[in-house]
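Structure file entry.cif; described as mmCIF, C-alpha atoms.
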```cif
data_target
loop_
_atom_site.label_atom_id
_atom_site.label_comp_id
_atom_site.auth_asym_id
_atom_site.auth_seq_id
_atom_site.Cartn_x
_atom_site.Cartn_y
_atom_site.Cartn_z
CA MET L 1 84.38 116.89 78.07
CA GLU L 2 84.28 113.11 77.87
CA ASP L 3 86.77 111.05 79.85
CA THR L 4 87.71 107.64 78.58
CA ALA L 5 90.06 105.10 80.08
CA ASP L 6 92.30 105.58 77.02
CA THR L 7 92.81 109.27 77.75
CA ALA L 8 92.91 109.05 81.53
CA ASP L 9 96.20 107.47 82.57
CA THR L 10 95.84 108.76 86.10
CA THR L 11 93.44 111.64 85.66
CA VAL L 12 92.01 112.98 88.91
CA MET L 13 89.36 115.65 88.81
CA ALA L 14 88.49 116.80 92.28
CA ASP L 15 87.00 119.62 94.28
CA LYS L 16 85.89 119.75 97.89
CA GLN L 17 82.31 118.71 97.05
CA ASP L 18 82.90 115.95 94.52
CA SER L 19 85.85 113.74 93.55
CA VAL L 20 86.22 111.69 90.40
CA TYR L 21 89.05 109.39 89.35
CA VAL L 22 89.12 107.86 85.87
CA GLY L 23 91.61 105.10 85.24
CA THR L 24 92.32 101.68 83.77
CA ALA L 25 92.54 98.79 86.23
CA GLY L 26 95.47 97.03 84.55
CA HIS L 27 97.51 100.23 84.34
CA ASP L 28 96.72 101.55 87.82
CA ALA L 29 97.09 98.13 89.45
CA ALA L 30 100.62 97.77 88.10
CA LEU L 31 101.55 101.04 89.82
CA ASP L 32 100.44 99.94 93.28
CA ARG L 33 100.79 96.14 93.60
CA GLY L 34 97.30 95.61 92.25
CA TRP L 35 95.51 97.94 94.62
CA LEU L 36 92.85 100.23 93.20
CA LEU L 37 91.10 101.39 96.36
CA GLY L 38 91.48 101.19 100.15
CA HIS L 39 92.72 102.82 103.36
CA PHE L 40 96.31 102.77 102.03
CA LYS L 41 95.60 105.40 99.35
CA ASP L 42 96.29 109.01 100.29
CA VAL L 43 93.30 110.62 102.02
CA SER L 44 93.14 113.28 99.28
CA ASP L 45 92.76 110.56 96.61
CA PRO L 46 89.15 109.68 95.66
CA ARG L 47 90.24 106.01 95.88
CA HIS L 48 90.90 106.27 99.62
CA SER L 49 88.42 104.23 101.67
CA ASP L 50 88.26 102.91 105.20
CA ALA L 51 85.23 100.85 104.23
CA VAL L 52 86.51 98.66 101.38
CA GLU L 53 89.62 97.44 99.54
CA ILE L 54 89.65 96.57 95.84
CA LYS L 55 92.43 94.83 93.94
CA TRP L 56 92.90 93.88 90.28
CA GLY L 57 95.00 90.72 90.54
CA VAL L 58 96.87 89.34 87.53
CA HIS L 59 98.28 85.87 88.22
CA PRO L 60 100.45 83.77 85.89
CA ARG L 61 99.71 80.05 85.56
CA GLY L 62 100.99 78.24 88.65
CA ASP L 63 100.99 81.32 90.90
CA GLU L 64 99.85 80.30 94.36
CA ARG L 65 99.37 81.36 97.95
CA VAL L 66 101.59 78.72 99.55
CA GLU L 67 100.79 79.53 103.17
CA TRP L 68 97.16 79.83 104.15
CA VAL L 69 95.81 83.18 105.34
CA THR L 70 94.62 82.65 108.90
CA GLY L 71 92.80 84.93 111.30
CA GLU L 72 91.31 87.04 108.51
CA GLU L 73 89.42 90.06 109.87
CA ARG L 74 87.59 90.97 106.67
CA THR L 75 84.87 89.57 104.47
CA ALA L 76 86.05 88.95 100.91
CA LEU L 77 84.54 88.61 97.44
CA LEU L 78 86.75 87.24 94.67
CA VAL L 79 85.42 87.45 91.08
CA LEU L 80 87.05 85.68 88.13
CA ILE L 81 87.55 88.03 85.19
CA SER L 82 89.51 85.55 83.06
CA GLY L 83 91.40 82.29 83.40
CA ARG L 84 90.92 79.43 85.84
CA PHE L 85 91.46 80.10 89.54
CA ARG L 86 91.08 77.81 92.55
CA VAL L 87 90.33 79.07 96.07
CA GLU L 88 91.03 76.68 98.92
CA LEU L 89 88.81 77.02 101.99
CA PRO L 90 88.59 74.79 105.06
CA GLY L 91 87.04 71.50 103.96
CA ARG L 92 86.44 72.57 100.36
CA SER L 93 88.04 73.65 97.12
CA VAL L 94 86.24 76.17 94.88
CA LEU L 95 87.13 76.27 91.18
CA LEU L 96 86.32 79.52 89.34
CA SER L 97 86.38 78.66 85.64
CA ARG L 98 83.84 80.91 83.89
CA GLN L 99 84.02 84.66 83.62
CA GLY L 100 81.96 86.07 86.48
CA ASP L 101 82.28 83.02 88.75
CA TYR L 102 82.82 84.22 92.31
CA VAL L 103 83.24 83.13 95.89
CA VAL L 104 82.56 85.02 99.12
CA TRP L 105 84.02 84.13 102.51
CA GLY L 106 83.50 85.79 105.84
CA ARG L 107 85.62 86.88 108.77
CA GLY L 108 87.70 84.14 110.30
CA VAL L 109 87.63 81.88 107.23
CA ASP L 110 91.16 80.69 106.38
CA HIS L 111 92.03 80.51 102.70
CA SER L 112 94.65 79.90 100.06
CA TRP L 113 94.57 79.96 96.25
CA PHE L 114 96.16 78.64 93.04
CA ALA L 115 96.05 79.99 89.46
CA GLU L 116 95.43 76.92 87.29
CA GLU L 117 95.73 79.14 84.20
CA GLU L 118 96.85 82.72 83.73
CA SER L 119 94.08 84.51 85.58
CA VAL L 120 92.71 87.94 86.34
CA VAL L 121 90.63 88.29 89.49
CA LEU L 122 88.92 91.22 91.15
CA THR L 123 89.05 91.05 94.94
CA VAL L 124 86.82 93.16 97.18
CA ARG L 125 87.39 93.12 100.93
CA TRP L 126 85.62 94.95 103.69
CA PRO L 127 86.33 96.74 105.88
CA SER L 128 89.71 98.16 104.84
CA VAL L 129 91.90 97.21 107.81
CA PRO L 130 95.29 98.80 108.50
CA GLY L 131 98.03 96.48 109.69
CA TYR L 132 98.37 94.10 106.79
CA ALA L 133 101.73 94.36 105.01
CA SER L 134 101.73 94.42 101.22
CA ALA L 135 103.92 91.89 99.46
CA PRO L 136 105.59 92.85 96.18
CA PHE L 137 103.24 92.37 93.24
CA GLY L 138 103.21 88.75 92.12
CA GLU L 139 105.31 87.50 95.04
CA LYS L 140 104.62 83.90 95.97
CA GLY L 141 103.07 83.77 99.41
CA ALA L 142 100.93 86.83 98.86
CA ASP L 143 97.20 86.27 99.05
CA ALA L 144 94.79 87.09 96.23
CA ALA L 145 94.75 90.69 97.38
CA GLY L 146 98.55 90.83 97.46
CA LEU L 147 98.78 90.80 101.23
CA LEU L 148 100.78 89.01 103.84
CA GLN L 149 99.61 89.29 107.39
CA GLY L 150 101.97 91.59 109.33
#
```
Let me see the structure of the file written as structure tokens.
Amino acid sequence: MEDTADTADTTVMADKQDSVYVGTAGHDAALDRGWLLGHFKDVSDPRHSDAVEIKWGVHPRGDERVEWVTGEERTALLVLISGRFRVELPGRSVLLSRQGDYVVWGRGVDHSWFAEEESVVLTVRWPSVPGYASAPFGEKGADAAGLLQG
């Protein structure tokens, strides 16, 4: 049997030895505020991880993180899939304008962001840290991973 993203709305094939989840990022992200993987998924879900968080972020033109994220405990990688997206870091502004452009920042690096055009970004953060409160998908003031510090 071949699984394709078209036929796998939320198909989970699992047994105790091996778990597989086949999905489509845009579809699955819309169901869970952009989140695809992390500690917040049910432990029986193959997408549960204490090691990493992954988000598919879709941002309309002008969407922004008004308040800076401070005291970040994770390292982050943000990859531009489409659009034009600016990440603000202390003392510098990073413009992601070509598909595949990315920026990485480490623990303790404050940040903010602004979608100069409608943009899709993939955010990877590690480790997956409990204690951050999710903001509703697309809410102003949420960071690129859809989080507000709790």
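Residues in contact range of Phe114 (chain L), defined as at most 9 Å between all atoms listed in the file, with sequence neighbours fewer than 6 positions away removed, read L:His59, L:Arg61, L:Gly62, L:Asp63, L:Glu64, L:Arg65, L:Val66, L:Arg84, L:Phe85, L:Arg86, L:Val87, L:Glu88.
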Go through the shown structure with the PyMOL selection byres ((chain L and resi 56) around 10) and write out the matching residues as a VMD selection string.
chain L and resid 25 to 30 33 to 37 54 to 55 57 to 59 79 81 120 to 124 144 to 146
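Reported to one decimal place, the separation of CA of Val103 (chain L) from CA of Glu118 (chain L) is 18.3 Å.
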May I have the protein, DNA and RNA residues with any atom at most 9 Å from the point (99.3, 78.4, 105.1), counting all atoms listed in the file, written as a tab-separated table (two decimals) with C-alpha atoms, in the coordinates of the input?
```tsv
chain	number	residue	atom	x	y	z
L	65	ARG	CA	99.37	81.36	97.95
L	66	VAL	CA	101.59	78.72	99.55
L	67	GLU	CA	100.79	79.53	103.17
L	68	TRP	CA	97.16	79.83	104.15
L	69	VAL	CA	95.81	83.18	105.34
L	70	THR	CA	94.62	82.65	108.90
L	110	ASP	CA	91.16	80.69	106.38
L	111	HIS	CA	92.03	80.51	102.70
L	112	SER	CA	94.65	79.90	100.06
L	141	GLY	CA	103.07	83.77	99.41
```
Going by the chain IDs and residue numbers used in this file, which residues fall under the PyMOL selection byres ((chain L and resi 46-53) around 9)? Write them as a ChimeraX atom specification.
/L:12,14,18-21,35-45,54-55,123-130,145
Since we have the selection now, will you write its residues out, keeping C-alpha atoms, as a compact mmCIF listing (two decimals), in the frame of the given file?
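As written to disk, part05.txt reads:
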```txt
# COMPACT_ATOMS: atom_id res chain seq x y z
CA VAL L 12 92.01 112.98 88.91
CA ALA L 14 88.49 116.80 92.28
CA ASP L 18 82.90 115.95 94.52
CA SER L 19 85.85 113.74 93.55
CA VAL L 20 86.22 111.69 90.40
CA TYR L 21 89.05 109.39 89.35
CA TRP L 35 95.51 97.94 94.62
CA LEU L 36 92.85 100.23 93.20
CA LEU L 37 91.10 101.39 96.36
CA GLY L 38 91.48 101.19 100.15
CA HIS L 39 92.72 102.82 103.36
CA PHE L 40 96.31 102.77 102.03
CA LYS L 41 95.60 105.40 99.35
CA ASP L 42 96.29 109.01 100.29
CA VAL L 43 93.30 110.62 102.02
CA SER L 44 93.14 113.28 99.28
CA ASP L 45 92.76 110.56 96.61
CA ILE L 54 89.65 96.57 95.84
CA LYS L 55 92.43 94.83 93.94
CA THR L 123 89.05 91.05 94.94
CA VAL L 124 86.82 93.16 97.18
CA ARG L 125 87.39 93.12 100.93
CA TRP L 126 85.62 94.95 103.69
CA PRO L 127 86.33 96.74 105.88
CA SER L 128 89.71 98.16 104.84
CA VAL L 129 91.90 97.21 107.81
CA PRO L 130 95.29 98.80 108.50
CA ALA L 145 94.75 90.69 97.38
```
